[in-house]
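Quick look at coords10.cif (mmCIF, C-alpha atoms):
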```cif
data_query
#
loop_
_atom_site.label_atom_id
_atom_site.label_comp_id
_atom_site.auth_asym_id
_atom_site.auth_seq_id
_atom_site.Cartn_x
_atom_site.Cartn_y
_atom_site.Cartn_z
CA MET A 10 127.78 154.41 42.00
CA ALA A 11 124.49 156.18 42.35
CA SER A 12 124.01 159.79 41.27
CA VAL A 13 121.21 162.07 42.45
CA ILE A 14 118.97 163.81 39.93
CA GLY A 15 116.21 165.85 41.59
CA CYS A 16 114.32 163.48 43.82
CA PHE A 17 115.48 160.33 42.09
CA SER A 18 118.50 158.15 42.69
CA LEU A 19 119.85 156.35 39.64
CA LYS A 20 121.24 152.93 40.52
CA SER A 21 122.85 150.52 38.06
CA THR A 22 121.65 146.94 38.11
CA HIS A 23 122.12 143.98 35.82
CA ARG A 24 118.79 144.96 34.27
CA GLY A 25 119.83 148.53 33.60
CA VAL A 26 119.33 151.87 35.32
CA LEU A 27 116.17 152.16 37.46
CA PRO A 28 114.96 155.38 39.07
CA LYS A 29 114.34 155.16 42.81
CA TRP A 30 112.07 157.84 44.27
CA ARG A 31 113.15 159.76 47.37
CA SER A 32 111.04 162.12 49.46
CA PRO A 33 111.77 165.78 48.74
CA ARG A 34 113.18 167.49 51.81
CA ALA A 35 110.13 169.73 52.29
CA ALA A 36 107.88 166.70 52.67
CA VAL A 37 109.65 165.53 55.79
CA VAL A 38 110.01 168.87 57.56
CA PRO A 39 108.09 168.56 60.86
CA ASN A 40 105.04 170.86 61.14
CA PHE A 41 105.45 172.03 57.56
CA HIS A 42 101.83 173.20 57.72
CA LEU A 43 101.90 175.39 60.78
CA PRO A 44 98.77 175.18 62.96
CA MET A 45 96.40 178.13 63.26
CA ARG A 46 96.27 177.85 67.03
CA SER A 47 98.64 179.60 69.41
CA ASN A 48 99.81 178.83 72.91
CA GLU A 49 98.84 182.39 73.82
CA VAL A 50 95.09 181.89 74.05
CA LYS A 51 92.82 184.55 75.48
CA ASN A 52 91.01 183.39 78.63
CA ARG A 53 93.07 180.20 78.83
CA THR A 54 91.23 178.07 81.34
CA ASN A 55 92.36 175.24 83.55
CA VAL A 56 90.36 172.12 82.79
CA ASP A 57 89.55 171.77 86.49
CA ASP A 58 87.66 175.08 86.31
CA ILE A 59 85.36 173.49 83.75
CA LYS A 60 85.03 170.23 85.68
CA SER A 61 83.67 172.10 88.70
CA LEU A 62 80.71 173.73 86.92
CA ARG A 63 77.35 172.49 88.19
CA LEU A 64 74.84 174.53 86.20
CA ILE A 65 75.48 175.23 82.52
CA THR A 66 72.75 176.67 80.30
CA ALA A 67 72.49 175.63 76.67
CA ILE A 68 71.62 179.20 75.73
CA LYS A 69 68.94 180.11 73.17
CA THR A 70 69.87 182.33 70.20
CA PRO A 71 67.19 185.02 69.55
CA TYR A 72 66.51 186.49 66.11
CA LEU A 73 65.43 189.76 64.53
CA PRO A 74 62.51 189.75 62.04
CA ASP A 75 64.96 189.43 59.15
CA GLY A 76 66.55 186.35 60.72
CA ARG A 77 69.78 187.94 61.93
CA PHE A 78 70.85 187.51 65.55
CA ASP A 79 69.08 189.76 68.04
CA LEU A 80 72.16 190.51 70.14
CA GLU A 81 70.29 192.89 72.43
CA ALA A 82 67.85 190.13 73.44
CA TYR A 83 70.68 187.60 73.59
CA ASP A 84 72.73 189.78 75.94
CA ALA A 85 69.72 190.34 78.18
CA LEU A 86 69.06 186.59 78.35
CA VAL A 87 72.69 185.77 79.19
CA HIS A 88 72.68 188.52 81.83
CA MET A 89 69.58 186.98 83.44
CA GLN A 90 71.35 183.63 83.55
CA ILE A 91 74.37 185.13 85.30
CA GLU A 92 72.22 187.06 87.78
CA ASP A 93 70.45 183.85 88.78
CA GLY A 94 73.62 181.85 89.34
CA VAL A 95 74.34 180.01 86.11
CA GLU A 96 78.06 179.22 85.88
CA GLY A 97 78.48 178.45 82.19
CA VAL A 98 76.74 178.78 78.83
CA ILE A 99 76.90 176.56 75.77
CA VAL A 100 76.95 178.86 72.74
CA GLY A 101 75.60 177.57 69.43
CA GLY A 102 74.60 174.17 70.74
CA THR A 103 71.42 172.34 69.72
CA THR A 104 69.32 174.69 71.84
CA GLY A 105 71.18 177.70 70.43
CA GLU A 106 70.61 176.34 66.91
CA GLY A 107 74.23 176.11 65.90
CA GLN A 108 73.04 173.69 63.25
CA LEU A 109 71.27 176.62 61.53
CA MET A 110 74.27 178.97 61.66
CA SER A 111 77.05 179.64 59.23
CA TRP A 112 80.47 179.16 60.81
CA ASP A 113 81.00 182.93 60.57
CA GLU A 114 77.87 183.50 62.68
CA HIS A 115 78.88 180.72 65.02
CA ILE A 116 82.37 182.01 65.81
CA MET A 117 81.15 185.61 65.98
CA LEU A 118 78.57 184.68 68.62
CA ILE A 119 81.17 182.80 70.67
CA GLY A 120 83.53 185.79 70.50
CA HIS A 121 80.72 188.22 71.33
CA THR A 122 79.73 186.17 74.39
CA VAL A 123 83.34 186.03 75.58
CA ASN A 124 83.84 189.77 75.13
CA CYS A 125 80.64 190.71 76.94
CA PHE A 126 80.40 188.03 79.63
CA GLY A 127 83.63 186.03 79.71
CA SER A 128 84.68 187.42 83.07
CA SER A 129 81.37 186.41 84.70
CA VAL A 130 80.52 183.05 83.16
CA LYS A 131 82.40 180.23 81.43
CA VAL A 132 81.78 180.30 77.68
CA ILE A 133 81.72 176.85 76.11
CA GLY A 134 81.54 176.97 72.34
CA ASN A 135 79.89 174.20 70.41
CA THR A 136 82.54 173.71 67.73
CA GLY A 137 81.75 170.08 67.00
CA SER A 138 80.96 168.74 63.55
CA ASN A 139 80.50 165.46 61.71
CA SER A 140 83.54 166.57 59.67
CA THR A 141 86.80 166.33 61.59
CA ARG A 142 88.28 169.02 59.35
CA GLU A 143 85.48 171.43 60.26
CA ALA A 144 85.67 170.53 63.94
CA ILE A 145 89.41 171.24 64.03
CA HIS A 146 89.08 174.56 62.21
CA ALA A 147 86.10 175.77 64.26
CA THR A 148 87.75 174.78 67.53
CA GLU A 149 90.94 176.63 66.63
CA GLN A 150 88.84 179.70 65.87
CA GLY A 151 86.75 179.31 69.01
CA PHE A 152 89.77 179.23 71.29
CA ALA A 153 91.33 182.08 69.28
CA VAL A 154 88.34 184.31 70.11
CA GLY A 155 88.55 183.35 73.77
CA MET A 156 86.14 180.56 74.58
CA HIS A 157 86.96 178.72 77.79
CA ALA A 158 86.08 175.21 76.55
CA ALA A 159 84.74 173.36 73.52
CA LEU A 160 81.73 171.07 73.21
CA HIS A 161 82.17 168.19 70.76
CA ILE A 162 79.60 165.78 69.44
CA ASN A 163 80.44 162.52 67.67
CA PRO A 164 80.16 162.52 63.86
CA TYR A 165 76.50 162.12 62.97
CA TYR A 166 74.61 160.84 59.90
CA GLY A 167 77.64 159.38 58.13
CA LYS A 168 78.91 158.06 61.48
CA THR A 169 82.18 156.17 61.79
CA SER A 170 83.81 153.20 63.55
CA LEU A 171 84.78 153.24 67.22
CA GLU A 172 88.39 153.70 66.17
CA GLY A 173 87.25 156.62 64.03
CA LEU A 174 85.50 158.17 67.03
CA VAL A 175 88.72 158.01 69.04
CA SER A 176 90.70 159.57 66.18
CA HIS A 177 88.09 162.30 65.74
CA PHE A 178 88.17 163.33 69.41
CA ASP A 179 91.96 162.98 69.58
CA SER A 180 92.17 165.54 66.77
CA VAL A 181 90.47 168.28 68.83
CA LEU A 182 91.33 167.46 72.44
CA PRO A 183 94.88 168.92 72.33
CA MET A 184 93.48 172.42 71.73
CA GLY A 185 91.95 173.02 75.15
CA PRO A 186 89.34 171.94 77.72
CA THR A 187 86.72 169.81 76.03
CA ILE A 188 83.30 168.38 76.88
CA ILE A 189 82.14 165.41 74.80
CA TYR A 190 78.41 165.28 74.12
CA ASN A 191 76.69 161.91 73.81
CA VAL A 192 73.13 162.10 72.47
CA PRO A 193 72.40 159.01 70.32
CA SER A 194 68.81 160.15 69.66
CA ARG A 195 70.25 162.95 67.51
CA THR A 196 73.48 161.47 66.16
CA GLY A 197 72.24 157.94 65.51
CA GLN A 198 75.29 156.49 67.27
CA ASP A 199 76.14 155.97 70.94
CA ILE A 200 79.59 156.90 72.21
CA PRO A 201 80.32 153.78 74.25
CA PRO A 202 82.38 153.73 77.46
CA ARG A 203 85.27 152.07 75.62
CA VAL A 204 85.73 155.24 73.54
CA VAL A 205 85.29 157.60 76.49
CA HIS A 206 87.80 155.73 78.66
CA THR A 207 90.30 155.84 75.80
CA VAL A 208 90.03 159.58 75.16
CA ALA A 209 89.90 160.27 78.91
CA GLN A 210 93.67 159.75 78.87
CA SER A 211 93.85 163.32 77.55
CA THR A 212 94.25 165.86 80.34
CA ASN A 213 92.02 168.22 78.34
CA LEU A 214 88.91 166.07 78.67
CA ALA A 215 86.74 167.98 81.14
CA GLY A 216 83.94 165.42 81.05
CA ILE A 217 80.87 164.06 79.27
CA LYS A 218 77.43 165.49 78.66
CA GLU A 219 75.56 162.20 78.84
CA CYS A 220 72.01 161.64 77.61
CA VAL A 221 71.82 157.83 77.71
CA GLY A 222 70.67 157.62 81.33
CA ASN A 223 71.77 157.39 84.93
CA ASP A 224 73.23 153.89 84.72
CA ARG A 225 75.75 155.28 82.24
CA VAL A 226 76.29 158.33 84.44
CA GLU A 227 77.16 156.10 87.38
CA GLN A 228 79.46 153.97 85.24
CA TYR A 229 81.56 157.05 84.51
CA THR A 230 81.43 158.80 87.87
CA SER A 231 82.46 155.60 89.65
CA ASN A 232 85.60 155.69 87.51
CA GLY A 233 86.39 159.33 88.20
CA ILE A 234 85.05 160.80 84.94
CA VAL A 235 83.08 164.04 85.27
CA VAL A 236 79.53 163.87 83.93
CA TRP A 237 76.85 166.46 83.29
CA SER A 238 73.34 165.17 82.79
CA GLY A 239 71.99 166.06 79.37
CA ASN A 240 68.42 165.21 80.41
CA ASP A 241 66.66 167.84 82.51
CA ASP A 242 64.06 165.36 83.70
CA GLU A 243 66.81 163.12 85.15
CA CYS A 244 69.30 165.72 86.32
CA HIS A 245 68.17 165.88 89.96
CA ASP A 246 68.70 162.16 90.44
CA SER A 247 71.88 162.26 88.33
CA ARG A 248 73.32 164.88 90.65
CA TRP A 249 72.29 163.52 94.02
CA ASP A 250 72.02 159.75 93.48
CA TYR A 251 74.56 159.04 90.73
CA SER A 252 77.30 161.60 91.51
CA ALA A 253 76.97 163.73 88.36
CA THR A 254 78.69 167.09 88.71
CA GLY A 255 75.63 168.90 87.39
CA VAL A 256 73.53 169.53 84.32
CA ILE A 257 73.77 171.16 80.92
CA SER A 258 70.23 172.45 80.85
CA VAL A 259 67.60 173.74 78.47
CA THR A 260 65.10 174.48 81.25
CA SER A 261 67.50 176.92 82.92
CA ASN A 262 66.89 179.31 80.01
CA LEU A 263 63.48 179.83 81.62
CA VAL A 264 63.96 179.23 85.35
CA PRO A 265 67.69 179.54 86.07
CA ARG A 266 67.27 180.24 89.78
CA LEU A 267 65.17 177.12 90.35
CA MET A 268 67.61 174.98 88.36
CA ARG A 269 70.47 176.35 90.43
CA GLU A 270 68.62 175.37 93.61
CA LEU A 271 68.12 171.89 92.15
CA MET A 272 71.87 171.52 91.54
CA PHE A 273 73.24 173.28 94.63
CA GLY A 274 70.61 172.99 97.35
CA GLY A 275 70.84 169.31 98.19
CA LYS A 276 68.41 166.53 97.38
CA ASN A 277 65.00 168.08 96.83
CA PRO A 278 62.43 165.71 95.31
CA THR A 279 59.67 168.24 96.02
CA LEU A 280 61.24 170.91 93.83
CA ASN A 281 62.12 168.31 91.21
CA ALA A 282 58.49 167.17 91.04
CA LYS A 283 57.36 170.78 90.82
CA LEU A 284 59.60 171.37 87.78
CA LEU A 285 58.74 168.16 85.92
CA PRO A 286 55.54 169.46 84.23
CA LEU A 287 57.54 172.35 82.75
CA ILE A 288 60.36 170.04 81.65
CA GLN A 289 57.95 167.56 80.09
CA TRP A 290 56.18 170.39 78.26
CA LEU A 291 59.50 171.67 76.88
CA PHE A 292 60.32 168.33 75.29
CA ARG A 293 56.94 167.38 73.81
CA GLU A 294 58.46 168.31 70.46
CA PRO A 295 62.15 168.18 69.55
CA ASN A 296 64.26 170.78 71.33
CA PRO A 297 64.52 173.80 70.78
CA ILE A 298 60.90 174.19 69.65
CA GLY A 299 59.54 174.34 73.20
CA VAL A 300 62.08 176.75 74.67
CA ASN A 301 61.81 179.01 71.61
CA THR A 302 58.03 179.17 72.02
CA ALA A 303 58.24 179.71 75.79
CA LEU A 304 60.75 182.57 75.62
CA ALA A 305 58.59 184.30 73.00
CA GLN A 306 55.53 183.92 75.22
CA LEU A 307 57.48 185.41 78.12
CA GLY A 308 58.41 188.41 75.98
CA VAL A 309 62.13 187.74 76.39
CA VAL A 310 62.75 187.15 72.67
CA ARG A 311 60.88 188.11 69.52
CA PRO A 312 58.58 185.36 68.17
CA VAL A 313 60.91 184.73 65.23
CA PHE A 314 61.82 181.19 64.15
CA ARG A 315 64.45 180.07 61.68
CA LEU A 316 62.94 177.17 59.76
CA PRO A 317 62.65 174.22 60.02
CA TYR A 318 61.58 175.09 63.58
CA VAL A 319 58.01 176.32 64.08
CA PRO A 320 56.22 177.28 67.31
CA LEU A 321 54.17 174.92 69.40
CA PRO A 322 50.45 174.98 68.52
CA LEU A 323 47.91 177.15 70.31
CA ALA A 324 46.76 174.48 72.77
CA LYS A 325 50.34 173.93 73.95
CA ARG A 326 50.87 177.67 74.32
CA VAL A 327 47.80 177.88 76.53
CA GLU A 328 49.20 175.01 78.57
CA PHE A 329 52.45 176.92 79.06
CA VAL A 330 50.60 179.95 80.41
CA ASN A 331 49.01 177.69 83.03
CA ILE A 332 52.40 176.16 83.92
CA VAL A 333 53.86 179.63 84.46
CA LYS A 334 50.97 180.57 86.74
CA GLU A 335 51.40 177.33 88.69
CA LEU A 336 55.15 177.79 89.21
CA GLY A 337 54.90 181.56 89.68
CA ARG A 338 55.78 184.18 87.09
CA GLU A 339 58.49 185.52 89.43
CA ASN A 340 60.49 182.32 88.94
CA PHE A 341 60.80 182.83 85.17
CA VAL A 342 63.13 185.12 83.24
CA GLY A 343 61.87 188.46 82.02
CA GLU A 344 59.40 190.92 83.42
CA LYS A 345 56.50 190.93 80.96
CA ASP A 346 53.28 189.05 81.54
CA VAL A 347 53.19 185.64 79.90
CA GLN A 348 51.04 185.60 76.77
CA VAL A 349 49.47 182.91 74.63
CA LEU A 350 50.29 184.75 71.35
CA ASP A 351 48.31 184.28 68.16
CA ASP A 352 49.58 182.17 65.30
CA GLU A 353 50.06 185.28 63.15
CA ASP A 354 52.36 186.80 65.79
CA PHE A 355 55.09 184.35 64.81
CA VAL A 356 57.55 185.01 62.00
CA LEU A 357 58.97 181.98 60.19
CA ILE A 358 62.08 182.54 58.11
CA GLY A 359 63.61 180.22 55.55
CA ARG A 360 66.11 182.66 54.05
CA TYR A 361 68.30 184.79 56.24
#
```
Step by step, read the file and then write its structure as structure tokens.
Amino acid sequence: MASVIGCFSLKSTHRGVLPKWRSPRAAVVPNFHLPMRSNEVKNRTNVDDIKSLRLITAIKTPYLPDGRFDLEAYDALVHMQIEDGVEGVIVGGTTGEGQLMSWDEHIMLIGHTVNCFGSSVKVIGNTGSNSTREAIHATEQGFAVGMHAALHINPYYGKTSLEGLVSHFDSVLPMGPTIIYNVPSRTGQDIPPRVVHTVAQSTNLAGIKECVGNDRVEQYTSNGIVVWSGNDDECHDSRWDYSATGVISVTSNLVPRLMRELMFGGKNPTLNAKLLPLIQWLFREPNPIGVNTALAQLGVVRPVFRLPYVPLPLAKRVEFVNIVKELGRENFVGEKDVQVLDDEDFVLIGRY
């Protein structure tokens, strides 16, 4: 007969008494580690409300001379976006330099945006990470402070297998409406359709921000998956020729009203061609260098850069002034005259 001592069962055999390990009761209690998230989430949003958004701005984060967030300039910029018809903002994305933020800064800025503008615009927090643990924790916090949806990138640098990609996204999708962001030029790894179709079984998948091109956009939209173009230079054709829902845009930081017309006003190759010189200028160097420089030249943000980003050189700044004159200053955010700015006007900060 066996007797129980602690977590071991002693059983007699012809070879003697051998201990047999048994799981302690606590180890098999379901949900022993209770999740941080709650079903009572501020600003809980139906995923269909996210799927319907046509113009989402990847909003720039402005800085003070000491490198802290310039919330006054940030609020003014978000307000300009709302006034000109932008329906959603990505907070702390690549353009917003989430990669240069601590998680405390990141979640604070999401919460601040929700508190100030959450009733007027959908707030989509970039809570993605190459660490699943960090992505889970940040997403729980983001929804706790009221964001309407999360933006998730695939794990970069270290990368993982396709099965690992599915497991990574499956770990965050249950928390709320989610947009998956595919940008292989930054992550070093494409998210193939096989992965997207697998995770699309989750009712929380709002759609894909796709940067691979319009053939991929059409592949998804023809199968009922919502897509936002991640390439401003392709977004007009994505919207009107390949059935994309809209765009997650960098350019709309500068000309939100024109980008809204591009997404809402029907096929307009004339306007698209008119915007292309600006879009091409913005992406001559890796984003967000161009938009940071442009907003400083427009007087909308201070000319402060967190390193490793530095402003575009003088010749490119002169080129931007000419682009603004060509498109019309009235089409750009802010009210100050566009300036070239001298090199010494810019503040570059490594410690903040």
Q: Excluding A:Val319 and any residue of its chain fewer than 4 positions from it, enumerate the residues within 10 Å of it, using all atoms listed in the file, and give them as a ChimeraX atom specification.
A: /A:297-299,301-302,312-315,355-358
Convert the current residue selection to file output with C-alpha atoms, as a CSV table (one decimal), in the frame of the given file.
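Done, and the output landed in again30.csv:
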```csv
chain,number,residue,atom,x,y,z
A,297,PRO,CA,64.5,173.8,70.8
A,298,ILE,CA,60.9,174.2,69.6
A,299,GLY,CA,59.5,174.3,73.2
A,301,ASN,CA,61.8,179.0,71.6
A,302,THR,CA,58.0,179.2,72.0
A,312,PRO,CA,58.6,185.4,68.2
A,313,VAL,CA,60.9,184.7,65.2
A,314,PHE,CA,61.8,181.2,64.2
A,315,ARG,CA,64.4,180.1,61.7
A,355,PHE,CA,55.1,184.4,64.8
A,356,VAL,CA,57.6,185.0,62.0
A,357,LEU,CA,59.0,182.0,60.2
A,358,ILE,CA,62.1,182.5,58.1
```
Q) Got a sec to resolve the PyMOL selection byres ((chain A and resi 322) around 12) on this structure and send the residues as a PyMOL selection string? A) chain A and resi 293-294+298-299+302-303+319-321+323-329+349-353+355
Q: I would like the residues chosen by the PyMOL selection byres ((chain A and resi 332-335) around 12) on the shown file; could you give them as a PyMOL selection string?
A: chain A and resi 263-264+283-291+303-304+306-307+325-331+336-342+346-349
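Separating atom CA of A:His206 from atom CA of A:Asn232 is a distance of 9.1 Å.
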Q.
Considering all atoms listed in the file, can you say which of A:Gly105, A:Gly120, A:Gly275, A:Pro164 comes closest to A:Ile200?
A.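 Between A:Gly105, A:Gly120, A:Gly275, A:Pro164, the residue approaching A:Ile200 most closely is A:Pro164.
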Q | Reference answer for the PyMOL selection byres ((chain A and resi 209) around 12), as a PyMOL selection string | A | chain A and resi 175+178-179+182-183+186-189+202-208+210-217+229+232-235
Q. To one decimal place, how far is atom CA of A:Val226 from atom CA of A:Met156 in Å?
A. 26.2 Å
Q: For atom CA of A:His121 and atom CA of A:Arg77, quote the distance in Å rounded to one decimal.
A: 14.4 Å
Q. Using all atoms listed in the file, which residues sit within 12 Å of A:Thr104 once same-chain residues fewer than 5 positions away are excluded, as number ranges by chain?
A. A: 66-71, 98-99, 109, 135, 239, 257-262, 291-292, 295-301, 318
Mind writing the picked residues with C-alpha atoms as a PDB file, in the frame of the given file?
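again.pdb, written as the output of this step:
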```
ATOM      1  CA  THR A  66      72.750 176.670  80.300  1.00  0.00           C
ATOM      2  CA  ALA A  67      72.490 175.630  76.670  1.00  0.00           C
ATOM      3  CA  ILE A  68      71.620 179.200  75.730  1.00  0.00           C
ATOM      4  CA  LYS A  69      68.940 180.110  73.170  1.00  0.00           C
ATOM      5  CA  THR A  70      69.870 182.330  70.200  1.00  0.00           C
ATOM      6  CA  PRO A  71      67.190 185.020  69.550  1.00  0.00           C
ATOM      7  CA  VAL A  98      76.740 178.780  78.830  1.00  0.00           C
ATOM      8  CA  ILE A  99      76.900 176.560  75.770  1.00  0.00           C
ATOM      9  CA  LEU A 109      71.270 176.620  61.530  1.00  0.00           C
ATOM     10  CA  ASN A 135      79.890 174.200  70.410  1.00  0.00           C
ATOM     11  CA  GLY A 239      71.990 166.060  79.370  1.00  0.00           C
ATOM     12  CA  ILE A 257      73.770 171.160  80.920  1.00  0.00           C
ATOM     13  CA  SER A 258      70.230 172.450  80.850  1.00  0.00           C
ATOM     14  CA  VAL A 259      67.600 173.740  78.470  1.00  0.00           C
ATOM     15  CA  THR A 260      65.100 174.480  81.250  1.00  0.00           C
ATOM     16  CA  SER A 261      67.500 176.920  82.920  1.00  0.00           C
ATOM     17  CA  ASN A 262      66.890 179.310  80.010  1.00  0.00           C
ATOM     18  CA  LEU A 291      59.500 171.670  76.880  1.00  0.00           C
ATOM     19  CA  PHE A 292      60.320 168.330  75.290  1.00  0.00           C
ATOM     20  CA  PRO A 295      62.150 168.180  69.550  1.00  0.00           C
ATOM     21  CA  ASN A 296      64.260 170.780  71.330  1.00  0.00           C
ATOM     22  CA  PRO A 297      64.520 173.800  70.780  1.00  0.00           C
ATOM     23  CA  ILE A 298      60.900 174.190  69.650  1.00  0.00           C
ATOM     24  CA  GLY A 299      59.540 174.340  73.200  1.00  0.00           C
ATOM     25  CA  VAL A 300      62.080 176.750  74.670  1.00  0.00           C
ATOM     26  CA  ASN A 301      61.810 179.010  71.610  1.00  0.00           C
ATOM     27  CA  TYR A 318      61.580 175.090  63.580  1.00  0.00           C
TER      28      TYR A 318
END
```
Excluding A:Val132 and its own-chain neighbours fewer than 4 positions away, which residues fall within 9 Å of it when counting only C-alpha atoms? Please give them as a compact mmCIF listing (two decimals) with C-alpha atoms, in the coordinates of the input.
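Dumped to around.txt:
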```
# COMPACT_ATOMS: atom_id res chain seq x y z
CA GLY A 97 78.48 178.45 82.19
CA VAL A 98 76.74 178.78 78.83
CA ILE A 99 76.90 176.56 75.77
CA VAL A 100 76.95 178.86 72.74
CA ILE A 119 81.17 182.80 70.67
CA THR A 122 79.73 186.17 74.39
CA VAL A 123 83.34 186.03 75.58
CA PHE A 126 80.40 188.03 79.63
CA GLY A 127 83.63 186.03 79.71
CA GLY A 155 88.55 183.35 73.77
CA MET A 156 86.14 180.56 74.58
CA HIS A 157 86.96 178.72 77.79
CA ALA A 158 86.08 175.21 76.55
CA ALA A 159 84.74 173.36 73.52
```
Q | A:Asp58, A:Glu149, A:Glu243, A:Asp199 ranked by distance to A:Leu171, top pick (using only C-alpha atoms) | A |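 Answer, going by the shortest atom-to-atom distance: A:Asp199.
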Q: Tell me which of A:Leu271, A:Gln198, A:Gly107, A:Gly94 sits closest to A:Gly167, counting all atoms listed in the file.
A: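 Checking each of A:Leu271, A:Gln198, A:Gly107, A:Gly94 against A:Gly167, counting all atoms listed in the file, the winner is A:Gln198.
If all atoms listed in the file are the atoms counted, then among A:Thr148, A:Ser238, A:Ser128, A:Ser170 the closest residue to A:Glu219 is A:Ser238.
For the choices A:Ile145, A:Leu80, A:Ile59, A:Met110, the atom-to-atom distance to A:Tyr361 is smallest for A:Met110 when using only C-alpha atoms.
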For A:Ile91, list every protein, DNA or RNA residue within 9 Å, evaluated using all atoms listed in the file, and leave out those in the same chain fewer than 4 positions away; present the list as a PDB file with C-alpha atoms, in the coordinates of the input.
```
ATOM      1  CA  LEU A  86      69.060 186.590  78.350  1.00  0.00           C
ATOM      2  CA  VAL A  87      72.690 185.770  79.190  1.00  0.00           C
ATOM      3  CA  VAL A  95      74.340 180.010  86.110  1.00  0.00           C
ATOM      4  CA  GLU A  96      78.060 179.220  85.880  1.00  0.00           C
ATOM      5  CA  GLY A  97      78.480 178.450  82.190  1.00  0.00           C
ATOM      6  CA  PHE A 126      80.400 188.030  79.630  1.00  0.00           C
ATOM      7  CA  SER A 129      81.370 186.410  84.700  1.00  0.00           C
ATOM      8  CA  VAL A 130      80.520 183.050  83.160  1.00  0.00           C
ATOM      9  CA  PRO A 265      67.690 179.540  86.070  1.00  0.00           C
TER      10      PRO A 265
END
```
Q. Counting all atoms listed in the file, what is within 7 Å of A:His245, bar same-chain residues fewer than 3 positions away, as a list in words?
A.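 Non-adjacent residues within range: Arg248, Trp249, Leu271, Met272 and Asn281 of chain A.
Distances here use all atoms listed in the file; by that measure, the residue among A:Val310, A:Gly101, A:Lys60, A:Asp242 closest to A:Pro278 is A:Asp242.
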